[in-house]
Amino acid sequence: MKILIKNGILIIDGYRKIDNGAVLVEDNTITGIFKDYQDIIYDKVIDAKGNYIIPGLIETHTHGINGYDFNTCQNQDMIKISDALIEEGVTCFMASLTCETHSYMLELLNKYESCNVSNLLGIHIEGPFLNKNNRGVMKEDCIQDPQLEIFNDFLKHSHKIKAMTIAPELPNALSLITYGNNKGIVMNVGHSSASASQVVQAQQYGAKGITHLYNAMGQHLHRNPGVVTGAMISELFCELIVDGFHIHEDVIKATYKSIGPKRIILICDANPCKGLADGIYQFSGKEIEIIDGKARVKATGRIAGSTVKLNQACQNMMRICGCSISEAVLMASTNPAQLYNLNKGKLEVGYDGDVIVVNNNFDILAVVNNGHIKKDMES
């Protein structure tokens with residue numbers, strides 16, 4: 001099927017744009033990019049009505065939605081998760097798994113090995129090689145020092161592991177970062193008390209990014225520079241949760257100015273209760289309470305993931321920092337595609353045909369995904 005998305009402003013990749021442009025998608029592949037188009041053969045058409053035509057959003061760090069938890073859900077639930085994420089413009093996503101016992105993690109990896117939901121990019125294992133002092137909501141008894149044998153066990157049970165969060169200051173962490181990088185796994189620094197220099201060293205050993213910058217890590221202190229300082233002086237991609245709760249708006253502005261949109265990746269780091277009403281729920285073995293959309297561990301008050309949608313994160317970034325819609329596309333689509341070496345994140349011939357239409361406020365108006373119109377302008 002040939003789908004034409006026309007009459008809009010094309011944001012090609014966060015840097016280039018085409019006024020009055022059109023995109024032709026055929027069997028989930030972009031086969032044409034046009035300006036001042038005419039006489040194009042197609043089966044179905046979406047009229048963007050002057051709005052923005054952009055690549056689909058890519059969610060690389062989320063733990064579930066609508067009560068479905070990646071640590072406990074079944075493979076048949078993944079379609080429901082994928083469909084729910086489409087509503088916020090997310091056309092592909094990573095399943096982030098919180099720390100579990102080794103045996104249960106292997107069970108999870110075995111389960112996901114047989115999951116064939118097309119929008120699932122792969123698995124992000126958040127741990128278990130984390131610093132207990134920066135554990136956040138992770139299960140403390142499941143955290144341990146890096147061991148190659150355990151890591152290889154993970155890889156034997158799943159070919160879908162695409163990312164791991166690791167604390168580089170732990171024993172054997174640097175060699176494991178190199179090993180994982182050479183296996184094609186994106187190794188991200190996180191849940192860490194590393195110094196700034198240790199973060200830079202981790203980059204030299206193969207680390208590619210930083211997990212949810214500012215949260216569960218050493219901060220930017222002028223006599224004791226931690227992971228946040230390391231983010232500033234390294235070239236690592238930096239995940240950022242822009243929900244107005246995890247990070248103060250002034251710090252978001254400072255991050256935008258100091259690190260810049262070329263290295264920021266917008267994420268939700270959503271807990272599985274995103275999309276549900278305020279109430280009491282379970283997440284990572286803890287009772288969490290959501291009030292006004294803000295999730296905290298009931299017993300301690302610790303933040304327990306977000307409930308923000310990815311297009312809302314784009315809205316927030318534009319409002320807080322005054323950045324352009326092109327930069328929002330860069331941070332929510334092009335950058336994550338670059339980090340994970342995906343054939344996505346750009347409106348280019350030969351790239352995957354994940355295309356969405358948004359307005360000035362980044363509301364999702366239309367979605368083309370997997371060769372089908374999942375949401376139309378009138379729906």
# chains A, B, ... in the order shown; residues from 1 in each chain; ligands from 1
>>> residues_around(residues="stretch 311-314 of chain A", least_positions_apart="3", cutoff="10 Å", atoms="only C-alpha atoms", output="ChimeraX atom specification")
/A:57,87-90,240-244,266-268,308,317-320,323-325,327-329,331-332,358,361-364
>>> write_last_selection(atoms="N, CA, C and O atoms", output="compact mmCIF listing (two decimals), in the first residue's frame")
# COMPACT_ATOMS: atom_id res chain seq x y z
N LEU A 57 8.11 9.31 16.95
CA LEU A 57 8.89 9.44 18.18
C LEU A 57 9.41 8.07 18.62
O LEU A 57 8.77 7.04 18.40
N GLU A 87 -0.72 6.53 20.51
CA GLU A 87 -1.54 7.71 20.79
C GLU A 87 -0.69 8.92 21.17
O GLU A 87 -1.14 10.05 21.06
N GLU A 88 0.54 8.69 21.63
CA GLU A 88 1.43 9.81 21.94
C GLU A 88 2.52 9.99 20.88
O GLU A 88 3.52 10.66 21.10
N GLY A 89 2.32 9.33 19.73
CA GLY A 89 3.23 9.51 18.61
C GLY A 89 4.45 8.61 18.64
O GLY A 89 5.36 8.76 17.82
N VAL A 90 4.49 7.66 19.58
CA VAL A 90 5.63 6.74 19.70
C VAL A 90 5.41 5.57 18.76
O VAL A 90 4.49 4.76 18.95
N LEU A 240 16.78 12.59 29.33
CA LEU A 240 16.23 13.67 30.15
C LEU A 240 14.73 13.44 30.32
O LEU A 240 14.02 13.24 29.33
N ILE A 241 14.26 13.47 31.57
CA ILE A 241 12.83 13.34 31.87
C ILE A 241 12.28 14.74 32.08
O ILE A 241 12.55 15.37 33.11
N VAL A 242 11.51 15.22 31.13
CA VAL A 242 11.00 16.59 31.20
C VAL A 242 9.50 16.53 31.49
O VAL A 242 8.65 16.75 30.62
N ASP A 243 9.20 16.20 32.75
CA ASP A 243 7.80 16.10 33.17
C ASP A 243 7.41 17.19 34.16
O ASP A 243 6.29 17.21 34.66
N GLY A 244 8.35 18.12 34.47
CA GLY A 244 8.07 19.17 35.43
C GLY A 244 8.10 18.69 36.87
O GLY A 244 7.74 19.45 37.78
N LEU A 266 15.06 12.81 24.86
CA LEU A 266 13.88 12.90 25.71
C LEU A 266 13.31 11.50 25.96
O LEU A 266 13.14 10.72 25.02
N ILE A 267 13.04 11.22 27.22
CA ILE A 267 12.45 9.93 27.60
C ILE A 267 11.32 10.20 28.58
O ILE A 267 11.19 11.30 29.13
N CYS A 268 10.52 9.16 28.82
CA CYS A 268 9.48 9.27 29.85
C CYS A 268 9.91 8.58 31.14
O CYS A 268 9.55 9.03 32.22
N VAL A 308 4.36 10.98 32.37
CA VAL A 308 4.29 11.90 31.23
C VAL A 308 4.27 11.12 29.90
O VAL A 308 4.83 10.02 29.81
N MET A 317 9.46 20.71 26.77
CA MET A 317 10.79 21.18 26.39
C MET A 317 10.69 22.47 25.58
O MET A 317 11.47 23.42 25.80
N MET A 318 9.74 22.53 24.68
CA MET A 318 9.56 23.73 23.87
C MET A 318 9.11 24.92 24.73
O MET A 318 9.58 26.04 24.56
N ARG A 319 8.23 24.64 25.69
CA ARG A 319 7.74 25.72 26.56
C ARG A 319 8.83 26.21 27.51
O ARG A 319 9.04 27.42 27.67
N ILE A 320 9.55 25.29 28.13
CA ILE A 320 10.53 25.65 29.14
C ILE A 320 11.76 26.31 28.53
O ILE A 320 12.27 27.32 29.05
N CYS A 323 12.79 26.13 22.76
CA CYS A 323 13.41 25.48 21.61
C CYS A 323 12.39 25.28 20.50
O CYS A 323 11.18 25.33 20.72
N SER A 324 12.87 25.05 19.31
CA SER A 324 12.01 24.91 18.13
C SER A 324 11.43 23.51 18.07
O SER A 324 11.92 22.56 18.71
N ILE A 325 10.41 23.34 17.26
CA ILE A 325 9.84 22.02 17.05
C ILE A 325 10.85 21.11 16.36
O ILE A 325 10.87 19.90 16.61
N GLU A 327 14.06 21.08 17.00
CA GLU A 327 14.93 20.58 18.06
C GLU A 327 14.22 19.52 18.89
O GLU A 327 14.86 18.55 19.35
N ALA A 328 12.93 19.67 19.08
CA ALA A 328 12.17 18.63 19.78
C ALA A 328 12.22 17.31 19.01
O ALA A 328 12.38 16.24 19.60
N VAL A 329 12.09 17.39 17.69
CA VAL A 329 12.21 16.19 16.84
C VAL A 329 13.60 15.58 16.98
O VAL A 329 13.75 14.36 17.07
N MET A 331 15.56 15.68 19.55
CA MET A 331 15.74 15.07 20.87
C MET A 331 14.85 13.85 21.10
O MET A 331 15.19 12.99 21.92
N ALA A 332 13.73 13.76 20.40
CA ALA A 332 12.79 12.67 20.64
C ALA A 332 12.75 11.63 19.53
O ALA A 332 12.07 10.62 19.66
N VAL A 358 2.00 16.49 13.57
CA VAL A 358 1.76 17.21 14.82
C VAL A 358 1.47 18.68 14.52
O VAL A 358 1.85 19.19 13.47
N ASN A 361 1.63 22.72 18.94
CA ASN A 361 1.69 22.34 20.35
C ASN A 361 2.14 20.90 20.55
O ASN A 361 2.13 20.39 21.66
N PHE A 362 2.52 20.26 19.45
CA PHE A 362 2.98 18.87 19.45
C PHE A 362 1.87 17.88 19.82
O PHE A 362 2.14 16.79 20.33
N ASP A 363 0.62 18.25 19.57
CA ASP A 363 -0.47 17.29 19.67
C ASP A 363 -0.37 16.33 18.50
O ASP A 363 -0.03 16.73 17.38
N ILE A 364 -0.69 15.06 18.73
CA ILE A 364 -0.58 14.04 17.69
C ILE A 364 -1.86 14.02 16.85
O ILE A 364 -2.94 13.72 17.36
>>> closest_atom_pairs(of="stretch 55-157 of chain A", to="stretch 162-180 of chain A", cutoff="7 Å", atoms="only C-alpha atoms", output="tab-separated table")
residue	atom	partner	partner_atom	distance
A:Gly122	CA	A:Lys162	CA	5.7
A:Ile123	CA	A:Lys162	CA	5.5
A:His124	CA	A:Ala163	CA	4.5
A:Ile125	CA	A:Met164	CA	4.8
A:Glu126	CA	A:Thr165	CA	4.8
A:Gly127	CA	A:Thr165	CA	5.6
A:Phe129	CA	A:Ile166	CA	5.3
A:Leu130	CA	A:Ala167	CA	5.0
A:Asn131	CA	A:Ala167	CA	6.0
A:Asp145	CA	A:Leu170	CA	6.3
A:Pro146	CA	A:Ala173	CA	5.7
A:Leu148	CA	A:Leu176	CA	6.6
>>> residues_around(residues="stretch 108-111 of chain A", least_positions_apart="3", cutoff="9 Å", atoms="only C-alpha atoms", output="number ranges by chain")
A: 70-72, 74-75, 97, 103-105, 114-115, 123, 154-155, 157-161
>>> select_by_dssp(residues="stretch 2-199 of chain A", states="alpha helix (DSSP H)", output="PyMOL selection string")
chain A and resi 77-86+102-113+148-157+173-182+196-199
>>> select_by_dssp(residues="stretch 2-229 of chain A", states="strand (DSSP E or B)", output="number ranges by chain")
A: 2-11, 17-26, 29-35, 44-47, 52-55, 57-62, 64-65, 68-69, 90-97, 120-126, 161-166, 186-189, 192, 209-210, 217
>>> atom_distance(atom1="atom CA of A:Ile288", atom2="atom CA of A:Leu121")
27.8 Å
